[in-house]
Amino acid sequence: MKDYHRFSVAPMLNWTDRHCRYFYRLMTKETLLYTEMVTTGAILHGDEKHHLFYKPEENPVALQLGGSDPVDLKACAKIAEDYGYTEINLNCGCPSDRVQKGRFGACLMTEPELVAECFDAMQSVVSIPVTIKNRIGIDHQDDYEFSHRFIETISKAGCDTFIVHARKAWLSGLSPKENREVPPLNYDRVYELKNNFPHLNILLNGGIQSPEEGLNVMQNLDGVMLGRAVYNSPFILNDVDHLYFGAEKSEKSPFDIVAELKPYVEEELANGVRIHHIGRHILGIFNGIPKSRQWRRYLSENMFADNVGFNVFEEAVKKSFDRTL
């Protein structure tokens, strides 16, 4: 297993776009980052470049695919490798209605043989790793035997890395947001899977609030994945390379991170990107620092205006913290 699996940031729909990932890279060079989930249909029948383009500085980056047709997934896997992605991940955990109608996401956990076929199709045409992200169960199929059979079936096809969201998914009755919060966490289930599949890389996702907590809950596992905790307070990434990958402790401040964004922001603005597409990802950079609420308020009120550039961040810092970048 590549060392970058020790710590990763979860694929988050509408959140982990290329601007978000570039921003995260200013704080961590080693963390494995994920795209938002991209469906096979969007790649094969939509704007391929829009969905797959990213800057080399974002690597290592994994593309998360949504789909259940082995032929389509095989084609998309090859395209992803040609784009230079580090890894391909198949979504077997999203519980939304849209995903269920497309017969992918969490509902695939009831069809492990199909998932194994999909894995085999993708891995047969690429040299980069193909991994699976899944839940510990769905609906009333949530005993250990269910998750064990899922992992066992797909691992026999050659998959050696599973990112396990330690909650089951309710396919009806709960929204995707509620499915991230209402079903109780069950870390013991993930530990048991690792004990029964010691040769596999088992990574834990769900409920972890900080890199330090991740180290505590990792125990016998091979890595942890954080999602909303990073998005809400992204500066926690600044310690990850030190805590998980043996790098020297970073001396950067949140102010340094915002200042380092300037060349990227100016380049993107020159290419027609609106500042709020970048700014929305950095709202939480000062969380935990006095007056961070003023920072968020100023940006929220001013970054949507026409003809604003990096100066909106400089003004937000000046008015909120009485200092310059």
# chains A, B, ... in the order shown; residues from 1 in each chain; ligands from 1
>>> residues_around(residues="stretch 229-245 of chain A", least_positions_apart="5", cutoff="7 Å", atoms="only C-alpha atoms", output="JSON, numbers by chain")
{"A": [6, 7, 27, 28, 30, 209, 210, 211, 250, 254, 284, 285, 287]}
>>> write_last_selection(atoms="N, CA and C atoms", output="CSV table (one decimal), in the first residue's frame")
chain,number,residue,atom,x,y,z
A,6,ARG,N,-2.2,6.6,4.6
A,6,ARG,CA,-2.3,6.8,6.0
A,6,ARG,C,-3.3,7.9,6.4
A,7,PHE,N,-3.4,9.0,5.6
A,7,PHE,CA,-4.3,10.1,5.8
A,7,PHE,C,-4.8,10.6,4.5
A,27,MET,N,-1.1,23.2,2.5
A,27,MET,CA,-0.9,22.8,3.9
A,27,MET,C,-0.4,21.4,4.0
A,28,THR,N,-0.7,20.5,3.0
A,28,THR,CA,-0.2,19.1,3.1
A,28,THR,C,0.2,18.6,1.7
A,30,GLU,N,1.5,15.4,1.3
A,30,GLU,CA,1.5,13.9,1.3
A,30,GLU,C,0.1,13.4,1.3
A,209,GLN,N,-12.7,13.9,14.0
A,209,GLN,CA,-12.8,15.3,14.0
A,209,GLN,C,-11.4,16.0,13.9
A,210,SER,N,-10.3,15.3,14.0
A,210,SER,CA,-9.0,15.9,13.9
A,210,SER,C,-8.0,14.9,13.5
A,211,PRO,N,-6.8,15.3,13.0
A,211,PRO,CA,-5.7,14.4,12.7
A,211,PRO,C,-5.3,13.6,14.0
A,250,SER,N,5.3,22.1,10.5
A,250,SER,CA,5.2,23.3,9.7
A,250,SER,C,5.1,24.5,10.6
A,254,PRO,N,-2.3,30.4,9.3
A,254,PRO,CA,-3.4,30.5,8.3
A,254,PRO,C,-3.2,31.8,7.4
A,284,GLY,N,-13.3,28.6,6.3
A,284,GLY,CA,-13.0,28.1,7.6
A,284,GLY,C,-11.5,28.1,8.0
A,285,ILE,N,-10.7,28.7,7.2
A,285,ILE,CA,-9.2,28.7,7.5
A,285,ILE,C,-8.8,29.3,8.8
A,287,ASN,N,-10.8,29.2,11.6
A,287,ASN,CA,-11.7,28.7,12.6
A,287,ASN,C,-10.8,28.4,13.9
>>> select_by_dssp(residues="stretch 109-234 of chain A", states="helix (DSSP H, G or I)", output="PyMOL selection string")
chain A and resi 109-110+112-123+144-155+176-179+187-196+211-218+228-232+234
>>> residues_around(residues="A:Asn307", least_positions_apart="4", cutoff="10 Å", atoms="only C-alpha atoms", output="compact mmCIF listing (two decimals) with C-alpha atoms, in the first residue's frame")
# COMPACT_ATOMS: atom_id res chain seq x y z
CA LEU A 269 -9.36 34.89 -12.50
CA ARG A 274 -15.16 33.94 -10.32
CA ILE A 275 -13.48 34.58 -6.98
CA MET A 303 -16.81 37.86 -2.70
>>> atom_distance(atom1="atom CA of A:Ser127", atom2="atom CA of A:Ala10")
22.6 Å
>>> select_by_dssp(residues="stretch 95-323 of chain A", states="strand (DSSP E)", output="PyMOL selection string")
chain A and resi 130-135+161-165+201-205+223-226
>>> atom_distance(atom1="atom CA of A:Leu108", atom2="atom CA of A:Asn201")
20.3 Å
>>> closest_residue(among="A:Pro183, A:Pro263, A:Pro176, A:Gly158", to="A:His140", atoms="only C-alpha atoms")
A:Pro183
>>> atom_distance(atom1="atom CA of A:Thr31", atom2="atom CA of A:Ala259")
21.3 Å
>>> residues_around(residues="A:Ser155", least_positions_apart="3", cutoff="12 Å", atoms="only C-alpha atoms", output="short mmCIF file (atom, residue, chain, number, x, y, z; two decimals) with N, CA and C atoms, in the first residue's frame")
data_model
loop_
_atom_site.label_atom_id
_atom_site.label_comp_id
_atom_site.auth_asym_id
_atom_site.auth_seq_id
_atom_site.Cartn_x
_atom_site.Cartn_y
_atom_site.Cartn_z
N PRO A 112 -22.11 -7.77 -4.39
CA PRO A 112 -20.64 -7.82 -4.35
C PRO A 112 -20.02 -8.49 -5.57
N GLU A 113 -20.75 -9.43 -6.17
CA GLU A 113 -20.20 -10.07 -7.38
C GLU A 113 -20.09 -9.07 -8.53
N VAL A 115 -19.72 -5.80 -8.12
CA VAL A 115 -18.62 -4.90 -7.76
C VAL A 115 -17.28 -5.55 -8.10
N ALA A 116 -17.16 -6.83 -7.83
CA ALA A 116 -15.92 -7.55 -8.17
C ALA A 116 -15.68 -7.52 -9.67
N GLU A 117 -16.75 -7.68 -10.45
CA GLU A 117 -16.63 -7.62 -11.90
C GLU A 117 -16.20 -6.22 -12.35
N PHE A 119 -14.54 -4.03 -10.53
CA PHE A 119 -13.14 -3.86 -10.13
C PHE A 119 -12.21 -4.52 -11.15
N ASP A 120 -12.52 -5.76 -11.50
CA ASP A 120 -11.66 -6.50 -12.42
C ASP A 120 -11.57 -5.80 -13.78
N VAL A 130 -6.85 0.49 -8.01
CA VAL A 130 -8.30 0.67 -7.97
C VAL A 130 -8.76 0.27 -6.58
N THR A 131 -9.49 1.15 -5.91
CA THR A 131 -9.91 0.90 -4.53
C THR A 131 -11.42 1.02 -4.42
N ILE A 132 -11.94 0.62 -3.27
CA ILE A 132 -13.38 0.63 -3.02
C ILE A 132 -13.67 1.44 -1.77
N HIS A 148 -18.54 -8.63 5.82
CA HIS A 148 -17.47 -9.60 5.59
C HIS A 148 -17.57 -10.19 4.19
N ARG A 149 -18.78 -10.58 3.80
CA ARG A 149 -18.96 -11.18 2.48
C ARG A 149 -18.63 -10.18 1.37
N PHE A 150 -19.01 -8.91 1.57
CA PHE A 150 -18.72 -7.87 0.58
C PHE A 150 -17.21 -7.75 0.38
N ILE A 151 -16.47 -7.60 1.48
CA ILE A 151 -15.02 -7.44 1.39
C ILE A 151 -14.37 -8.71 0.81
N GLU A 152 -14.81 -9.86 1.28
CA GLU A 152 -14.21 -11.11 0.83
C GLU A 152 -14.39 -11.32 -0.67
N GLY A 158 -9.02 -9.32 -6.45
CA GLY A 158 -7.72 -8.66 -6.48
C GLY A 158 -7.67 -7.31 -5.79
N CYS A 159 -8.80 -6.81 -5.32
CA CYS A 159 -8.80 -5.50 -4.64
C CYS A 159 -8.15 -5.65 -3.27
N ASP A 160 -7.22 -4.76 -2.96
CA ASP A 160 -6.54 -4.88 -1.66
C ASP A 160 -6.73 -3.68 -0.76
N THR A 161 -7.53 -2.69 -1.18
CA THR A 161 -7.72 -1.49 -0.36
C THR A 161 -9.19 -1.11 -0.29
N PHE A 162 -9.71 -1.00 0.94
CA PHE A 162 -11.10 -0.64 1.18
C PHE A 162 -11.15 0.51 2.18
N PHE A 197 -9.09 -9.75 7.83
CA PHE A 197 -8.42 -9.59 6.55
C PHE A 197 -7.11 -8.83 6.76
N PRO A 198 -6.20 -9.41 7.52
CA PRO A 198 -4.96 -8.68 7.87
C PRO A 198 -4.10 -8.34 6.66
N HIS A 199 -4.28 -9.06 5.56
CA HIS A 199 -3.48 -8.82 4.35
C HIS A 199 -4.02 -7.66 3.52
N LEU A 200 -5.23 -7.17 3.86
CA LEU A 200 -5.82 -6.06 3.12
C LEU A 200 -5.54 -4.74 3.80
N ASN A 201 -5.60 -3.66 3.02
CA ASN A 201 -5.50 -2.31 3.56
C ASN A 201 -6.91 -1.83 3.89
N ILE A 202 -7.18 -1.66 5.17
CA ILE A 202 -8.49 -1.23 5.63
C ILE A 202 -8.35 0.15 6.25
#
>>> residues_around(residues="stretch 312-316 of chain A", least_positions_apart="3", cutoff="7 Å", atoms="only C-alpha atoms", output="short mmCIF file (atom, residue, chain, number, x, y, z; two decimals) with all heavy atoms, in the first residue's frame")
data_model
loop_
_atom_site.label_atom_id
_atom_site.label_comp_id
_atom_site.auth_asym_id
_atom_site.auth_seq_id
_atom_site.Cartn_x
_atom_site.Cartn_y
_atom_site.Cartn_z
N TRP A 295 -14.26 37.44 9.57
CA TRP A 295 -13.65 37.03 8.30
C TRP A 295 -14.68 36.34 7.42
O TRP A 295 -14.84 36.68 6.25
CB TRP A 295 -12.45 36.13 8.60
CG TRP A 295 -12.10 35.12 7.54
CD1 TRP A 295 -12.53 33.83 7.45
CD2 TRP A 295 -11.22 35.31 6.41
NE1 TRP A 295 -12.00 33.19 6.35
CE2 TRP A 295 -11.18 34.08 5.70
CE3 TRP A 295 -10.47 36.38 5.94
CZ2 TRP A 295 -10.43 33.90 4.54
CZ3 TRP A 295 -9.71 36.21 4.78
CH2 TRP A 295 -9.69 35.00 4.10
N TYR A 298 -17.39 38.87 6.24
CA TYR A 298 -16.94 39.82 5.22
C TYR A 298 -16.85 39.13 3.86
O TYR A 298 -17.32 39.67 2.85
CB TYR A 298 -15.58 40.42 5.60
CG TYR A 298 -15.13 41.47 4.60
CD1 TYR A 298 -15.47 42.81 4.79
CD2 TYR A 298 -14.39 41.13 3.46
CE1 TYR A 298 -15.09 43.78 3.86
CE2 TYR A 298 -14.01 42.08 2.53
CZ TYR A 298 -14.37 43.41 2.74
OH TYR A 298 -14.01 44.36 1.82
N LEU A 299 -16.25 37.94 3.81
CA LEU A 299 -16.14 37.24 2.53
C LEU A 299 -17.52 36.88 1.98
O LEU A 299 -17.78 37.06 0.78
CB LEU A 299 -15.31 35.97 2.70
CG LEU A 299 -13.79 36.11 2.69
CD1 LEU A 299 -13.14 34.73 2.62
CD2 LEU A 299 -13.31 36.96 1.52
N MET A 303 -17.53 38.57 -1.65
CA MET A 303 -16.81 37.86 -2.70
C MET A 303 -17.68 37.51 -3.91
O MET A 303 -17.16 37.01 -4.91
CB MET A 303 -16.16 36.58 -2.14
CG MET A 303 -17.11 35.51 -1.69
SD MET A 303 -16.17 34.07 -1.05
CE MET A 303 -17.52 33.02 -0.51
N VAL A 308 -14.27 41.64 -8.34
CA VAL A 308 -13.43 41.53 -7.15
C VAL A 308 -12.36 40.48 -7.42
O VAL A 308 -12.58 39.51 -8.13
CB VAL A 308 -14.23 41.16 -5.88
CG1 VAL A 308 -15.16 42.30 -5.49
CG2 VAL A 308 -14.99 39.86 -6.06
N GLY A 309 -11.20 40.70 -6.84
CA GLY A 309 -10.09 39.77 -7.02
C GLY A 309 -9.51 39.36 -5.69
O GLY A 309 -10.21 39.35 -4.66
N LYS A 319 -9.80 43.96 7.81
CA LYS A 319 -10.95 44.40 8.58
C LYS A 319 -11.24 43.46 9.75
O LYS A 319 -11.78 43.88 10.78
CB LYS A 319 -12.19 44.50 7.69
CG LYS A 319 -12.12 45.66 6.67
CD LYS A 319 -13.38 45.76 5.85
CE LYS A 319 -13.27 46.91 4.85
NZ LYS A 319 -13.16 48.23 5.51
N SER A 320 -10.91 42.18 9.60
CA SER A 320 -11.22 41.21 10.63
C SER A 320 -10.13 41.11 11.70
O SER A 320 -10.43 40.99 12.88
CB SER A 320 -11.44 39.82 10.03
OG SER A 320 -12.46 39.87 9.04
N THR A 324 -2.12 42.80 7.78
CA THR A 324 -2.02 42.58 6.33
C THR A 324 -1.45 41.20 6.07
O THR A 324 -0.80 40.60 6.94
CB THR A 324 -1.12 43.64 5.67
OG1 THR A 324 0.17 43.58 6.27
CG2 THR A 324 -1.72 45.03 5.86
N LEU A 325 -1.68 40.72 4.87
CA LEU A 325 -1.11 39.43 4.48
C LEU A 325 0.36 39.59 4.13
O LEU A 325 0.78 40.62 3.63
CB LEU A 325 -1.88 38.87 3.28
CG LEU A 325 -3.29 38.40 3.56
CD1 LEU A 325 -3.96 37.95 2.26
CD2 LEU A 325 -3.29 37.24 4.55
#
>>> residues_around(residues="A:Met12", least_positions_apart="6", cutoff="9 Å", atoms="only C-alpha atoms", output="mmCIF file with all heavy atoms, in the first residue's frame")
data_model
loop_
_atom_site.group_PDB
_atom_site.id
_atom_site.type_symbol
_atom_site.label_atom_id
_atom_site.label_comp_id
_atom_site.auth_asym_id
_atom_site.auth_seq_id
_atom_site.Cartn_x
_atom_site.Cartn_y
_atom_site.Cartn_z
ATOM 1 N N TYR A 34 -9.144 13.447 -2.852
ATOM 2 C CA TYR A 34 -10.112 12.824 -3.749
ATOM 3 C C TYR A 34 -10.913 13.881 -4.491
ATOM 4 O O TYR A 34 -11.208 14.954 -3.957
ATOM 5 C CB TYR A 34 -11.095 11.948 -2.955
ATOM 6 C CG TYR A 34 -10.531 10.613 -2.547
ATOM 7 C CD1 TYR A 34 -9.624 10.523 -1.495
ATOM 8 C CD2 TYR A 34 -10.870 9.442 -3.210
ATOM 9 C CE1 TYR A 34 -9.082 9.310 -1.109
ATOM 10 C CE2 TYR A 34 -10.342 8.219 -2.837
ATOM 11 C CZ TYR A 34 -9.450 8.157 -1.784
ATOM 12 O OH TYR A 34 -8.913 6.948 -1.417
ATOM 13 N N THR A 35 -11.288 13.533 -5.702
ATOM 14 C CA THR A 35 -12.239 14.366 -6.426
ATOM 15 C C THR A 35 -13.617 14.203 -5.807
ATOM 16 O O THR A 35 -13.855 13.315 -4.990
ATOM 17 C CB THR A 35 -12.338 13.937 -7.904
ATOM 18 O OG1 THR A 35 -12.935 12.621 -7.961
ATOM 19 C CG2 THR A 35 -10.980 13.909 -8.572
ATOM 20 N N GLU A 36 -14.528 15.053 -6.206
ATOM 21 C CA GLU A 36 -15.937 14.742 -5.976
ATOM 22 C C GLU A 36 -16.269 13.471 -6.752
ATOM 23 O O GLU A 36 -15.564 13.112 -7.692
ATOM 24 C CB GLU A 36 -16.825 15.869 -6.506
ATOM 25 C CG GLU A 36 -16.489 17.249 -6.018
ATOM 26 C CD GLU A 36 -17.216 18.310 -6.824
ATOM 27 O OE1 GLU A 36 -18.401 18.529 -6.556
ATOM 28 O OE2 GLU A 36 -16.587 18.901 -7.726
ATOM 29 N N MET A 37 -17.335 12.782 -6.371
ATOM 30 C CA MET A 37 -17.742 11.636 -7.168
ATOM 31 C C MET A 37 -18.146 12.101 -8.565
ATOM 32 O O MET A 37 -18.926 13.038 -8.717
ATOM 33 C CB MET A 37 -18.925 10.903 -6.534
ATOM 34 C CG MET A 37 -19.331 9.661 -7.316
ATOM 35 S SD MET A 37 -20.863 8.918 -6.734
ATOM 36 C CE MET A 37 -22.059 10.147 -7.285
ATOM 37 N N GLY A 227 -13.408 14.021 6.422
ATOM 38 C CA GLY A 227 -14.174 14.764 5.434
ATOM 39 C C GLY A 227 -14.585 16.131 5.934
ATOM 40 O O GLY A 227 -13.853 17.114 5.817
ATOM 41 N N ARG A 228 -15.767 16.193 6.534
ATOM 42 C CA ARG A 228 -16.323 17.492 6.937
ATOM 43 C C ARG A 228 -15.447 18.232 7.940
ATOM 44 O O ARG A 228 -15.398 19.466 7.930
ATOM 45 C CB ARG A 228 -17.731 17.287 7.506
ATOM 46 C CG ARG A 228 -18.781 16.948 6.448
ATOM 47 C CD ARG A 228 -20.068 16.453 7.091
ATOM 48 N NE ARG A 228 -19.858 15.154 7.716
ATOM 49 C CZ ARG A 228 -20.598 14.670 8.698
ATOM 50 N NH1 ARG A 228 -21.593 15.389 9.182
ATOM 51 N NH2 ARG A 228 -20.362 13.476 9.216
#
>>> closest_residue(among="A:Asn91, A:Asn196, A:Ser300, A:Ser175", to="A:His281", atoms="only C-alpha atoms")
A:Ser300
